[in-house]
Amino acid sequence: MSYENILVATENNITTITINRPTKLNALNKATIAELHEAFKTAETDEATRVIVLTGSGEKAFVAGADISEFANFSVEEGAQLAQQGQELLFDFVENLKKPVIGAINGFALGGGLELAMSCHFRVASENAKMGLPEVSLGVIPGYGGTQRLPQLVGKGKAMEMIMTAGMLTGEEAKQNGLVNYVVPQAELLELCNSIAQKIIKNSPVAISKAIKAINANFKDGVNGYETEIKAFGYCFGTADFKEGTTAFLEKRKPEFQGK
């Protein structure tokens, strides 16, 4: 499938999705959100894809924010609909994807950009990265899950400070606060993400998808994460991957998982 605002490439079981609007600092508009949804949906069902890496084109920005010109004149109802549709179509969709998604933050990740990065299962940043939720400086609040995911990652107090001051964190500050896992020179960003991805690929795709579901359950209202874990743990016992993994261990060889 051809896209106007993103690039998609698959190699060595890793699908790299690149938001490609460099003249707009990769800002998110409705069209880009729709294309990202389709790209993630396709990658999830693609047998050649085991891990997804999400990044931005150029050296300045991952995603510098939402395209403000699209919603500057929205009504109350239109604003609420914008947030709801965006969360369902992309941000919640990415968070609950069955395949691991690594956010490679290669520059500014602001507003919707940081919200998209936080939807990924974990994040790696370049040394020049800057992250923040500046929405209150525009008279609005984060609407794509930022008020929920940021406290989960950095704690309530730090999230309150970041959102209320509209301030930014450097890559190193983001690492210190648990927002990203690693900070590396920009030239090494995708290399590190691919290295981590290769470690993930060695393991059972079925088990990984169940682990994602169980971990996410802890952050969902009305869901008992322990119960989700128990059911997911039990499910694994009926899979070919479990049989292969345990057999390989007992036979002292490396497993060859099929994702079934």
# chains A, B, ... in the order shown; residues from 1 in each chain; ligands from 1
>>> residues_around(residues="Gln85 in chain A", least_positions_apart="5", cutoff="12 Å", atoms="only C-alpha atoms", output="PyMOL selection string")
chain A and resi 30+33-34+37+78-80+90-93+143-145
>>> closest_atom_pairs(of="range 137-197 of chain A", to="range 1-22 of chain A", cutoff="12 Å", atoms="only C-alpha atoms", output="tab-separated table")
residue	atom	partner	partner_atom	distance
A:Leu190	CA	A:Thr16	CA	9.3
A:Glu191	CA	A:Thr16	CA	11.8
A:Cys193	CA	A:Ile14	CA	9.8
A:Asn194	CA	A:Ile14	CA	7.4
A:Ser195	CA	A:Ile14	CA	10.4
A:Ile196	CA	A:Ile14	CA	10.7
A:Ala197	CA	A:Ile14	CA	7.2
>>> write_last_selection(atoms="all heavy atoms", output="short mmCIF file (atom, residue, chain, number, x, y, z; two decimals), in the first residue's frame")
data_model
loop_
_atom_site.label_atom_id
_atom_site.label_comp_id
_atom_site.auth_asym_id
_atom_site.auth_seq_id
_atom_site.Cartn_x
_atom_site.Cartn_y
_atom_site.Cartn_z
N LEU A 190 18.48 4.13 15.53
CA LEU A 190 17.81 3.00 14.90
C LEU A 190 18.63 1.73 15.06
O LEU A 190 18.07 0.62 15.16
CB LEU A 190 17.55 3.29 13.42
CG LEU A 190 16.48 4.34 13.14
CD1 LEU A 190 16.29 4.54 11.64
CD2 LEU A 190 15.15 3.96 13.79
N GLU A 191 19.93 1.87 15.10
CA GLU A 191 20.80 0.71 15.32
C GLU A 191 20.50 0.05 16.66
O GLU A 191 20.38 -1.18 16.76
CB GLU A 191 22.27 1.14 15.26
CG GLU A 191 23.26 -0.01 15.44
CD GLU A 191 24.71 0.46 15.43
OE1 GLU A 191 24.97 1.61 15.03
OE2 GLU A 191 25.58 -0.33 15.85
N CYS A 193 17.67 0.39 18.43
CA CYS A 193 16.31 -0.15 18.37
C CYS A 193 16.27 -1.48 17.66
O CYS A 193 15.59 -2.42 18.09
CB CYS A 193 15.38 0.85 17.68
SG CYS A 193 15.04 2.34 18.64
N ASN A 194 17.02 -1.59 16.56
CA ASN A 194 17.07 -2.84 15.83
C ASN A 194 17.77 -3.94 16.63
O ASN A 194 17.38 -5.11 16.55
CB ASN A 194 17.77 -2.65 14.48
CG ASN A 194 16.94 -1.85 13.50
OD1 ASN A 194 15.72 -1.79 13.62
ND2 ASN A 194 17.58 -1.24 12.52
N SER A 195 18.78 -3.56 17.41
CA SER A 195 19.47 -4.53 18.25
C SER A 195 18.53 -5.09 19.32
O SER A 195 18.49 -6.30 19.58
CB SER A 195 20.69 -3.86 18.91
OG SER A 195 21.31 -4.75 19.82
N ILE A 196 17.75 -4.19 19.94
CA ILE A 196 16.77 -4.64 20.94
C ILE A 196 15.71 -5.51 20.27
O ILE A 196 15.30 -6.54 20.81
CB ILE A 196 16.11 -3.42 21.63
CG1 ILE A 196 17.15 -2.63 22.41
CG2 ILE A 196 14.99 -3.88 22.56
CD1 ILE A 196 16.64 -1.30 22.93
N ALA A 197 15.28 -5.10 19.08
CA ALA A 197 14.26 -5.86 18.34
C ALA A 197 14.74 -7.27 18.06
O ALA A 197 13.97 -8.23 18.16
CB ALA A 197 13.91 -5.14 17.04
#
>>> select_by_dssp(residues="range 58-147 of chain A", states="alpha helix (DSSP H)", output="list of chain:residue names")
A:Val76, A:Glu77, A:Glu78, A:Gly79, A:Ala80, A:Gln81, A:Leu82, A:Ala83, A:Gln84, A:Gln85, A:Gly86, A:Asp92, A:Phe93, A:Val94, A:Glu95, A:Gly112, A:Gly113, A:Leu114, A:Glu115, A:Leu116, A:Ala117, A:Met118, A:Ser119, A:Gly146, A:Thr147
>>> write_last_selection(atoms="N, CA, C and O atoms", output="mmCIF file, in the first residue's frame")
data_model
loop_
_atom_site.group_PDB
_atom_site.id
_atom_site.type_symbol
_atom_site.label_atom_id
_atom_site.label_comp_id
_atom_site.auth_asym_id
_atom_site.auth_seq_id
_atom_site.Cartn_x
_atom_site.Cartn_y
_atom_site.Cartn_z
ATOM 1 N N VAL A 76 -16.984 22.516 20.907
ATOM 2 C CA VAL A 76 -16.820 21.590 22.027
ATOM 3 C C VAL A 76 -17.030 20.148 21.570
ATOM 4 O O VAL A 76 -16.222 19.252 21.862
ATOM 5 N N GLU A 77 -18.107 19.917 20.854
ATOM 6 C CA GLU A 77 -18.426 18.568 20.385
ATOM 7 C C GLU A 77 -17.372 18.059 19.415
ATOM 8 O O GLU A 77 -16.965 16.889 19.477
ATOM 9 N N GLU A 78 -16.921 18.919 18.523
ATOM 10 C CA GLU A 78 -15.909 18.513 17.539
ATOM 11 C C GLU A 78 -14.574 18.203 18.221
ATOM 12 O O GLU A 78 -13.866 17.273 17.827
ATOM 13 N N GLY A 79 -14.244 18.951 19.263
ATOM 14 C CA GLY A 79 -13.014 18.699 20.003
ATOM 15 C C GLY A 79 -13.035 17.344 20.693
ATOM 16 O O GLY A 79 -12.062 16.579 20.637
ATOM 17 N N ALA A 80 -14.165 17.054 21.350
ATOM 18 C CA ALA A 80 -14.301 15.767 22.035
ATOM 19 C C ALA A 80 -14.248 14.621 21.035
ATOM 20 O O ALA A 80 -13.627 13.572 21.294
ATOM 21 N N GLN A 81 -14.875 14.812 19.895
ATOM 22 C CA GLN A 81 -14.879 13.768 18.865
ATOM 23 C C GLN A 81 -13.476 13.554 18.307
ATOM 24 O O GLN A 81 -13.060 12.410 18.048
ATOM 25 N N LEU A 82 -12.722 14.628 18.140
ATOM 26 C CA LEU A 82 -11.349 14.544 17.657
ATOM 27 C C LEU A 82 -10.511 13.666 18.584
ATOM 28 O O LEU A 82 -9.780 12.777 18.132
ATOM 29 N N ALA A 83 -10.629 13.911 19.904
ATOM 30 C CA ALA A 83 -9.864 13.145 20.882
ATOM 31 C C ALA A 83 -10.287 11.678 20.888
ATOM 32 O O ALA A 83 -9.447 10.774 20.883
ATOM 33 N N GLN A 84 -11.588 11.448 20.888
ATOM 34 C CA GLN A 84 -12.093 10.080 20.949
ATOM 35 C C GLN A 84 -11.678 9.269 19.725
ATOM 36 O O GLN A 84 -11.188 8.138 19.853
ATOM 37 N N GLN A 85 -11.867 9.842 18.553
ATOM 38 C CA GLN A 85 -11.517 9.129 17.331
ATOM 39 C C GLN A 85 -10.013 8.874 17.245
ATOM 40 O O GLN A 85 -9.589 7.794 16.824
ATOM 41 N N GLY A 86 -9.220 9.871 17.634
ATOM 42 C CA GLY A 86 -7.769 9.712 17.591
ATOM 43 C C GLY A 86 -7.282 8.627 18.522
ATOM 44 O O GLY A 86 -6.425 7.801 18.157
ATOM 45 N N ASP A 92 -4.675 4.246 21.385
ATOM 46 C CA ASP A 92 -5.047 3.012 22.080
ATOM 47 C C ASP A 92 -4.744 1.799 21.210
ATOM 48 O O ASP A 92 -4.382 0.734 21.718
ATOM 49 N N PHE A 93 -4.909 1.959 19.908
ATOM 50 C CA PHE A 93 -4.654 0.866 18.970
ATOM 51 C C PHE A 93 -3.201 0.403 19.064
ATOM 52 O O PHE A 93 -2.916 -0.798 19.125
ATOM 53 N N VAL A 94 -2.269 1.353 19.083
ATOM 54 C CA VAL A 94 -0.845 1.028 19.177
ATOM 55 C C VAL A 94 -0.532 0.382 20.526
ATOM 56 O O VAL A 94 0.172 -0.627 20.601
ATOM 57 N N GLU A 95 -1.048 0.967 21.594
ATOM 58 C CA GLU A 95 -0.777 0.439 22.929
ATOM 59 C C GLU A 95 -1.197 -1.012 23.066
ATOM 60 O O GLU A 95 -0.527 -1.809 23.729
ATOM 61 N N GLY A 112 0.854 15.766 20.744
ATOM 62 C CA GLY A 112 0.464 14.495 20.168
ATOM 63 C C GLY A 112 1.647 13.604 19.822
ATOM 64 O O GLY A 112 1.520 12.380 19.786
ATOM 65 N N GLY A 113 2.799 14.205 19.582
ATOM 66 C CA GLY A 113 4.004 13.426 19.304
ATOM 67 C C GLY A 113 4.461 12.628 20.509
ATOM 68 O O GLY A 113 4.782 11.436 20.405
ATOM 69 N N LEU A 114 4.484 13.275 21.680
ATOM 70 C CA LEU A 114 4.851 12.550 22.895
ATOM 71 C C LEU A 114 3.763 11.541 23.244
ATOM 72 O O LEU A 114 4.051 10.430 23.700
ATOM 73 N N GLU A 115 2.510 11.913 23.015
ATOM 74 C CA GLU A 115 1.414 10.980 23.288
ATOM 75 C C GLU A 115 1.532 9.732 22.416
ATOM 76 O O GLU A 115 1.287 8.612 22.879
ATOM 77 N N LEU A 116 1.955 9.912 21.159
ATOM 78 C CA LEU A 116 2.158 8.768 20.281
ATOM 79 C C LEU A 116 3.337 7.928 20.758
ATOM 80 O O LEU A 116 3.263 6.692 20.778
ATOM 81 N N ALA A 117 4.417 8.582 21.158
ATOM 82 C CA ALA A 117 5.583 7.848 21.674
ATOM 83 C C ALA A 117 5.216 7.060 22.924
ATOM 84 O O ALA A 117 5.673 5.929 23.113
ATOM 85 N N MET A 118 4.378 7.641 23.787
ATOM 86 C CA MET A 118 3.978 6.953 25.021
ATOM 87 C C MET A 118 3.044 5.785 24.742
ATOM 88 O O MET A 118 2.920 4.882 25.579
ATOM 89 N N SER A 119 2.389 5.789 23.582
ATOM 90 C CA SER A 119 1.553 4.660 23.202
ATOM 91 C C SER A 119 2.392 3.439 22.830
ATOM 92 O O SER A 119 1.907 2.304 22.906
ATOM 93 N N GLY A 146 -2.492 11.671 26.918
ATOM 94 C CA GLY A 146 -1.321 12.186 27.625
ATOM 95 C C GLY A 146 -1.497 12.331 29.123
ATOM 96 O O GLY A 146 -0.576 12.085 29.893
ATOM 97 N N THR A 147 -2.718 12.744 29.548
ATOM 98 C CA THR A 147 -2.938 12.920 30.994
ATOM 99 C C THR A 147 -3.005 11.578 31.719
ATOM 100 O O THR A 147 -2.906 11.541 32.939
#
>>> closest_residue(among="A:Ala31, A:Ala217, A:Ile102, A:Val63", to="Gln198 in chain A", atoms="only C-alpha atoms")
A:Ile102
>>> atom_distance(atom1="CA of Asn73 in chain A", atom2="CA of Ala109 in chain A")
24.0 Å
>>> closest_residue(among="A:Val101, A:Ala61, A:Ile208, A:Leu153", to="Lys24 in chain A", atoms="only C-alpha atoms")
A:Ala61
>>> closest_residue(among="A:Asn203, A:Asn96, A:Ser209, A:Asn128", to="Val183 in chain A", atoms="only C-alpha atoms")
A:Asn128
